[in-house]
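Raw coords02.pdb, PDB, C-alpha atoms:
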ATOM      1  CA  MET A   1     -38.524 143.726  31.940
ATOM      2  CA  GLU A   2     -40.712 146.740  32.659
ATOM      3  CA  HIS A   3     -37.652 148.968  32.610
ATOM      4  CA  VAL A   4     -36.482 147.833  29.156
ATOM      5  CA  TRP A   5     -39.502 148.764  27.055
ATOM      6  CA  TRP A   6     -38.065 152.202  26.238
ATOM      7  CA  MET A   7     -35.028 150.609  24.424
ATOM      8  CA  ILE A   8     -37.221 149.432  21.534
ATOM      9  CA  PRO A   9     -38.214 152.870  20.178
ATOM     10  CA  THR A  10     -34.708 154.195  20.929
ATOM     11  CA  GLY A  11     -33.159 151.451  18.799
ATOM     12  CA  GLY A  12     -35.642 152.216  16.044
ATOM     13  CA  PHE A  13     -34.743 155.878  16.025
ATOM     14  CA  LEU A  14     -30.991 155.067  15.990
ATOM     15  CA  GLY A  15     -31.462 152.653  13.091
ATOM     16  CA  ILE A  16     -33.398 155.226  11.057
ATOM     17  CA  GLY A  17     -30.714 157.856  11.805
ATOM     18  CA  GLY A  18     -27.947 155.508  10.690
ATOM     19  CA  LEU A  19     -29.723 154.831   7.400
ATOM     20  CA  TYR A  20     -30.173 158.555   6.840
ATOM     21  CA  VAL A  21     -26.443 159.228   7.457
ATOM     22  CA  ARG A  22     -25.476 156.381   5.113
ATOM     23  CA  ASP A  23     -27.673 157.741   2.307
ATOM     24  CA  TYR A  24     -26.366 161.274   2.848
ATOM     25  CA  LEU A  25     -22.727 160.119   2.605
ATOM     26  CA  ARG A  26     -23.504 158.235  -0.589
ATOM     27  CA  LYS A  27     -24.997 161.345  -2.177
ATOM     28  CA  HIS A  28     -22.350 163.745  -0.789
ATOM     29  CA  PRO A  29     -19.019 161.875  -0.520
ATOM     30  CA  PRO A  30     -16.177 163.714   1.280
ATOM     31  CA  THR A  31     -14.062 165.431  -1.391
ATOM     32  CA  SER A  32     -10.819 165.151   0.654
ATOM     33  CA  VAL A  33     -11.043 161.357   0.555
ATOM     34  CA  MET A  34     -12.776 160.535  -2.700
ATOM     35  CA  ARG A  35     -11.371 163.333  -4.860
ATOM     36  CA  PRO A  36      -7.637 163.985  -4.471
ATOM     37  CA  PRO A  37      -6.513 167.526  -5.309
ATOM     38  CA  PHE A  38      -4.267 166.225  -8.160
ATOM     39  CA  PRO A  39      -4.713 163.222 -10.444
ATOM     40  CA  ALA A  40      -2.288 160.337  -9.916
ATOM     41  CA  LEU A  41      -0.209 160.812 -13.092
ATOM     42  CA  PRO A  42       0.657 164.497 -12.565
ATOM     43  CA  ARG A  43       1.567 163.757  -8.958
ATOM     44  CA  ILE A  44       3.974 161.022 -10.071
ATOM     45  CA  ALA A  45       5.462 163.382 -12.648
ATOM     46  CA  LEU A  46       6.014 166.091 -10.014
ATOM     47  CA  VAL A  47       7.712 163.640  -7.665
ATOM     48  CA  GLY A  48       9.950 162.400 -10.501
ATOM     49  CA  LEU A  49      10.844 165.962 -11.467
ATOM     50  CA  GLY A  50      11.770 166.774  -7.875
ATOM     51  CA  LEU A  51      13.988 163.711  -7.605
ATOM     52  CA  ALA A  52      15.680 164.571 -10.905
ATOM     53  CA  VAL A  53      16.439 168.112  -9.745
ATOM     54  CA  LEU A  54      17.821 166.796  -6.470
ATOM     55  CA  TYR A  55      20.030 164.302  -8.335
ATOM     56  CA  VAL A  56      21.438 167.008 -10.610
ATOM     57  CA  LEU A  57      22.228 169.253  -7.644
ATOM     58  CA  VAL A  58      23.987 166.468  -5.744
ATOM     59  CA  VAL A  59      26.010 165.262  -8.747
ATOM     60  CA  SER A  60      27.057 168.767  -9.809
ATOM     61  CA  SER A  61      28.104 169.632  -6.262
ATOM     62  CA  PHE A  62      30.104 166.426  -5.912
ATOM     63  CA  GLY A  63      31.701 166.826  -9.339
ATOM     64  CA  GLY A  64      32.662 170.422  -8.620
ATOM     65  CA  ARG A  65      34.286 169.515  -5.333
ATOM     66  CA  CYS A  66      36.096 166.569  -6.928
ATOM     67  CA  GLY A  67      37.431 168.724  -9.773
ATOM     68  CA  CYS A  68      38.556 171.432  -7.355
ATOM     69  CA  SER A  69      40.377 168.874  -5.201
ATOM     70  CA  ARG A  70      42.226 167.437  -8.191
ATOM     71  CA  ARG A  71      43.144 170.924  -9.362
ATOM     72  CA  VAL A  72      44.699 171.645  -5.962
ATOM     73  CA  SER A  73      46.553 168.305  -6.062
ATOM     74  CA  SER A  74      47.883 169.116  -9.534
ATOM     75  CA  ALA A  75      49.045 172.555  -8.404
ATOM     76  CA  ASN A  76      50.818 170.900  -5.462
ATOM     77  CA  ASN A  77      52.593 168.534  -7.876
ATOM     78  CA  LEU A  78      53.803 171.461  -9.969
ATOM     79  CA  SER A  79      54.999 173.230  -6.836
ATOM     80  CA  GLN A  80      57.034 170.182  -5.829
ATOM     81  CA  ILE A  81      58.522 169.954  -9.319
ATOM     82  CA  GLY A  82      59.495 173.626  -9.087
ATOM     83  CA  LYS A  83      61.249 173.099  -5.741
ATOM     84  CA  ALA A  84      63.066 170.070  -7.148
ATOM     85  CA  LEU A  85      64.237 172.110 -10.147
ATOM     86  CA  MET A  86      65.606 174.794  -7.827
ATOM     87  CA  LEU A  87      67.436 172.157  -5.780
ATOM     88  CA  TYR A  88      68.837 170.714  -8.994
ATOM     89  CA  ALA A  89      70.126 174.148 -10.045
ATOM     90  CA  ASP A  90      71.649 174.741  -6.590
ATOM     91  CA  ALA A  91      73.450 171.389  -6.741
ATOM     92  CA  SER A  92      74.694 171.986 -10.297
ATOM     93  CA  SER A  93      78.212 173.328 -10.760
ATOM     94  CA  THR A  94      76.909 175.925 -13.214
ATOM     95  CA  GLY A  95      73.749 176.755 -11.276
ATOM     96  CA  ALA A  96      71.649 176.018 -14.356
ATOM     97  CA  TYR A  97      68.318 174.302 -14.614
ATOM     98  CA  PRO A  98      68.132 171.014 -16.503
ATOM     99  CA  PRO A  99      67.536 171.307 -20.249
ATOM    100  CA  ALA A 100      64.076 170.685 -21.677
ATOM    101  CA  GLU A 101      64.500 167.243 -23.208
ATOM    102  CA  GLY A 102      61.084 165.718 -22.624
ATOM    103  CA  PRO A 103      59.340 164.058 -19.673
ATOM    104  CA  ALA A 104      61.588 160.982 -19.587
ATOM    105  CA  ALA A 105      64.749 163.093 -19.215
ATOM    106  CA  LEU A 106      63.139 165.259 -16.523
ATOM    107  CA  ILE A 107      62.058 162.209 -14.511
ATOM    108  CA  GLN A 108      65.535 160.698 -14.784
ATOM    109  CA  ARG A 109      67.234 163.895 -13.611
ATOM    110  CA  LEU A 110      64.964 164.525 -10.627
ATOM    111  CA  TYR A 111      63.967 161.025  -9.487
ATOM    112  CA  PRO A 112      65.024 159.530  -7.138
ATOM    113  CA  ALA A 113      67.991 161.836  -6.433
ATOM    114  CA  ILE A 114      65.804 164.819  -5.479
ATOM    115  CA  MET A 115      62.178 163.715  -5.666
ATOM    116  CA  LYS A 116      61.216 160.542  -3.829
ATOM    117  CA  ASP A 117      57.728 159.994  -5.220
ATOM    118  CA  PRO A 118      57.402 159.485  -8.992
ATOM    119  CA  ARG A 119      53.637 159.996  -8.809
ATOM    120  CA  VAL A 120      54.315 163.734  -8.625
ATOM    121  CA  PHE A 121      54.982 163.668 -12.378
ATOM    122  CA  LEU A 122      51.440 162.424 -13.029
ATOM    123  CA  ASP A 123      48.599 164.905 -13.337
ATOM    124  CA  PRO A 124      45.745 163.717 -11.064
ATOM    125  CA  LEU A 125      43.278 165.314 -13.478
ATOM    126  CA  GLU A 126      44.411 162.906 -16.197
ATOM    127  CA  HIS A 127      45.656 159.758 -14.466
ATOM    128  CA  LEU A 128      43.956 158.386 -11.359
ATOM    129  CA  GLU A 129      46.229 155.317 -11.334
ATOM    130  CA  VAL A 130      49.996 155.020 -11.716
ATOM    131  CA  PRO A 131      51.469 152.867 -14.525
ATOM    132  CA  ALA A 132      51.689 149.202 -13.594
ATOM    133  CA  VAL A 133      55.421 149.032 -14.410
ATOM    134  CA  PRO A 134      58.550 150.256 -12.574
ATOM    135  CA  VAL A 135      59.794 153.739 -13.396
ATOM    136  CA  PHE A 136      63.131 152.471 -14.712
ATOM    137  CA  ARG A 137      63.835 149.579 -17.023
ATOM    138  CA  THR A 138      66.736 147.184 -16.561
ATOM    139  CA  ASP A 139      69.007 149.380 -18.706
ATOM    140  CA  GLY A 140      68.384 152.381 -16.447
ATOM    141  CA  SER A 141      66.161 154.303 -18.849
ATOM    142  CA  VAL A 142      62.698 155.574 -17.936
ATOM    143  CA  ASP A 143      59.934 153.218 -19.003
ATOM    144  CA  PRO A 144      57.906 154.716 -21.892
ATOM    145  CA  ALA A 145      54.690 154.141 -19.921
ATOM    146  CA  TRP A 146      55.813 156.696 -17.342
ATOM    147  CA  ALA A 147      56.933 159.160 -20.011
ATOM    148  CA  GLU A 148      53.561 158.902 -21.764
ATOM    149  CA  ALA A 149      51.654 159.248 -18.491
ATOM    150  CA  ALA A 150      53.559 162.362 -17.431
ATOM    151  CA  GLY A 151      51.044 165.141 -16.940
ATOM    152  CA  TYR A 152      53.353 168.159 -17.115
ATOM    153  CA  VAL A 153      55.473 169.822 -19.805
ATOM    154  CA  TYR A 154      58.824 171.289 -18.805
ATOM    155  CA  LEU A 155      60.119 174.192 -20.905
ATOM    156  CA  GLY A 156      63.272 175.162 -19.064
ATOM    157  CA  PRO A 157      63.848 178.372 -17.089
ATOM    158  CA  GLY A 158      61.859 180.462 -19.564
ATOM    159  CA  ASN A 159      62.550 183.860 -21.056
ATOM    160  CA  PRO A 160      63.572 186.289 -18.269
ATOM    161  CA  SER A 161      62.459 189.290 -20.354
ATOM    162  CA  SER A 162      58.878 188.028 -20.659
ATOM    163  CA  THR A 163      56.100 189.297 -18.433
ATOM    164  CA  LEU A 164      55.436 185.799 -17.068
ATOM    165  CA  ALA A 165      58.262 183.284 -17.551
ATOM    166  CA  ILE A 166      56.632 179.843 -17.747
ATOM    167  CA  MET A 167      58.801 176.911 -16.706
ATOM    168  CA  ALA A 168      56.219 174.109 -16.768
ATOM    169  CA  PHE A 169      52.493 173.609 -17.146
ATOM    170  CA  GLU A 170      49.813 170.960 -17.219
ATOM    171  CA  ARG A 171      49.921 168.930 -20.389
ATOM    172  CA  HIS A 172      46.185 169.209 -21.088
ATOM    173  CA  ALA A 173      43.734 172.007 -20.406
ATOM    174  CA  HIS A 174      40.742 171.383 -18.140
ATOM    175  CA  SER A 175      37.900 173.588 -16.956
ATOM    176  CA  GLY A 176      39.002 176.275 -19.399
ATOM    177  CA  GLY A 177      42.577 176.666 -18.182
ATOM    178  CA  ARG A 178      45.728 175.140 -16.677
ATOM    179  CA  ASN A 179      48.008 175.267 -13.677
ATOM    180  CA  VAL A 180      51.306 176.939 -14.609
ATOM    181  CA  LEU A 181      54.717 176.852 -12.880
ATOM    182  CA  CYS A 182      56.387 180.250 -13.149
ATOM    183  CA  ALA A 183      60.119 180.962 -13.110
ATOM    184  CA  ASP A 184      59.932 182.292  -9.541
ATOM    185  CA  GLY A 185      58.580 178.930  -8.323
ATOM    186  CA  THR A 186      54.979 180.026  -7.865
ATOM    187  CA  VAL A 187      52.049 178.119  -9.340
ATOM    188  CA  GLU A 188      49.161 179.993 -10.916
ATOM    189  CA  TRP A 189      45.863 178.949 -12.464
ATOM    190  CA  MET A 190      45.498 180.609 -15.857
ATOM    191  CA  HIS A 191      42.634 180.661 -18.314
ATOM    192  CA  GLU A 192      43.554 179.097 -21.629
ATOM    193  CA  THR A 193      43.632 182.363 -23.587
ATOM    194  CA  ALA A 194      45.922 184.090 -21.077
ATOM    195  CA  PHE A 195      48.083 180.964 -20.840
ATOM    196  CA  ARG A 196      48.677 180.768 -24.600
ATOM    197  CA  GLN A 197      49.518 184.456 -24.739
ATOM    198  CA  ALA A 198      52.059 184.098 -21.911
ATOM    199  CA  LEU A 199      53.464 180.944 -23.527
ATOM    200  CA  ARG A 200      54.084 182.819 -26.781
ATOM    201  CA  GLU A 201      56.217 185.276 -24.801
ATOM    202  CA  SER A 202      58.189 182.527 -23.039
ATOM    203  CA  LYS A 203      58.454 179.981 -25.871
ATOM    204  CA  PRO A 204      57.065 181.379 -29.125
ATOM    205  CA  GLU A 205      58.099 178.239 -31.024
ATOM    206  CA  PHE A 206      56.188 175.892 -28.729
ATOM    207  CA  THR A 207      52.570 174.830 -29.381
ATOM    208  CA  PRO A 208      50.824 173.161 -26.417
ATOM    209  CA  GLU A 209      48.355 170.320 -26.639
ATOM    210  CA  PRO A 210      44.675 171.258 -26.230
TER     211      PRO A 210
END

Spit out the file's structure as structure tokens when you get a sec.
Amino acid sequence: MEHVWWMIPTGGFLGIGGLYVRDYLRKHPPTSVMRPPFPALPRIALVGLGLAVLYVLVVSSFGGRCGCSRRVSSANNLSQIGKALMLYADASSTGAYPPAEGPAALIQRLYPAIMKDPRVFLDPLEHLEVPAVPVFRTDGSVDPAWAEAAGYVYLGPGNPSSTLAIMAFERHAHSGGRNVLCADGTVEWMHETAFRQALRESKPEFTPEP
């Protein structure tokens, strides 16, 4: 017991020091803990704004890629139609292209004798699903649902004297222009103003849909 007497004053000093530290912390609270740099509401608003910006960037990027992919698919469809028209002319006794008699007549002339997939006549920018009916009715005519869903307009071989002879094009404009099938079998993307000017040279009497 004689060696423990010194613990009493030591404990007293430690107790007094603890009280002093407690009082000091009460009078001078740490600013990093008690006072955040920004109030709660502005911080929530900043987080919401950041998430909104991120959402817009992701959606716009995805939409742009999706639109570009469909545009390429549509151009591929027009290219296949152009090759089928050339095969039709080669197989014809006169070497002529089929007349421009509307989408139903074009489908009947090219499918299934030359083209094996009727979905090529549908513009992927307009129709993501094929009509739920067969292409041909029992009397052998093309079902009106397929004619209405056709995404391309066929004009015939075009005017050879024009600067750009247009044979076919997308039925509706999108993204400020259309894919166009030229008389030489190439497919070009044209802005709407340039397309309408070239169309007036090929078919001045024809007015395309917007």

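Across the model, the gap from atom CA of A:Val120 to atom CA of A:Ser175 is 20.9 Å.
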
In Å to one decimal, how far is atom CA of A:Tyr152 from atom CA of A:Val180? 9.4 Å

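In this model, the gap between atom CA of A:Ala194 and atom CA of A:Tyr154 comes to 18.3 Å.
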
Evaluating the PyMOL selection byres ((chain A and resi 84) around 12) on the displayed file yields which residues, as a PyMOL selection string? chain A and resi 77-83+85-91+97-98+106-107+109-117+120-121+185

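Compared by their closest atoms to A:Arg71, and using all atoms listed in the file, the residues A:Met167, A:Leu125, A:Leu199, A:Val153 rank with A:Leu125 nearest.
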
Which residue, A:Gln108, A:Ser92, A:Met190, A:Asp184, has the smallest gap to A:Pro157 when you use all atoms listed in the file? A:Asp184

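Among the candidates A:Ser74, A:Gln197, A:Thr138, A:Ser202, the one nearest to A:Cys182 when counting only C-alpha atoms is A:Ser202.
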
Measuring atom to atom with only C-alpha atoms, identify which of A:Arg196, A:His172, A:His191, A:Arg137 is nearest to A:Ala150. A:His172

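Using all atoms listed in the file for every distance, the candidate list A:Ala149, A:Ile166, A:Ala75, A:Leu181 yields A:Ile166 as the residue closest to A:Glu201.
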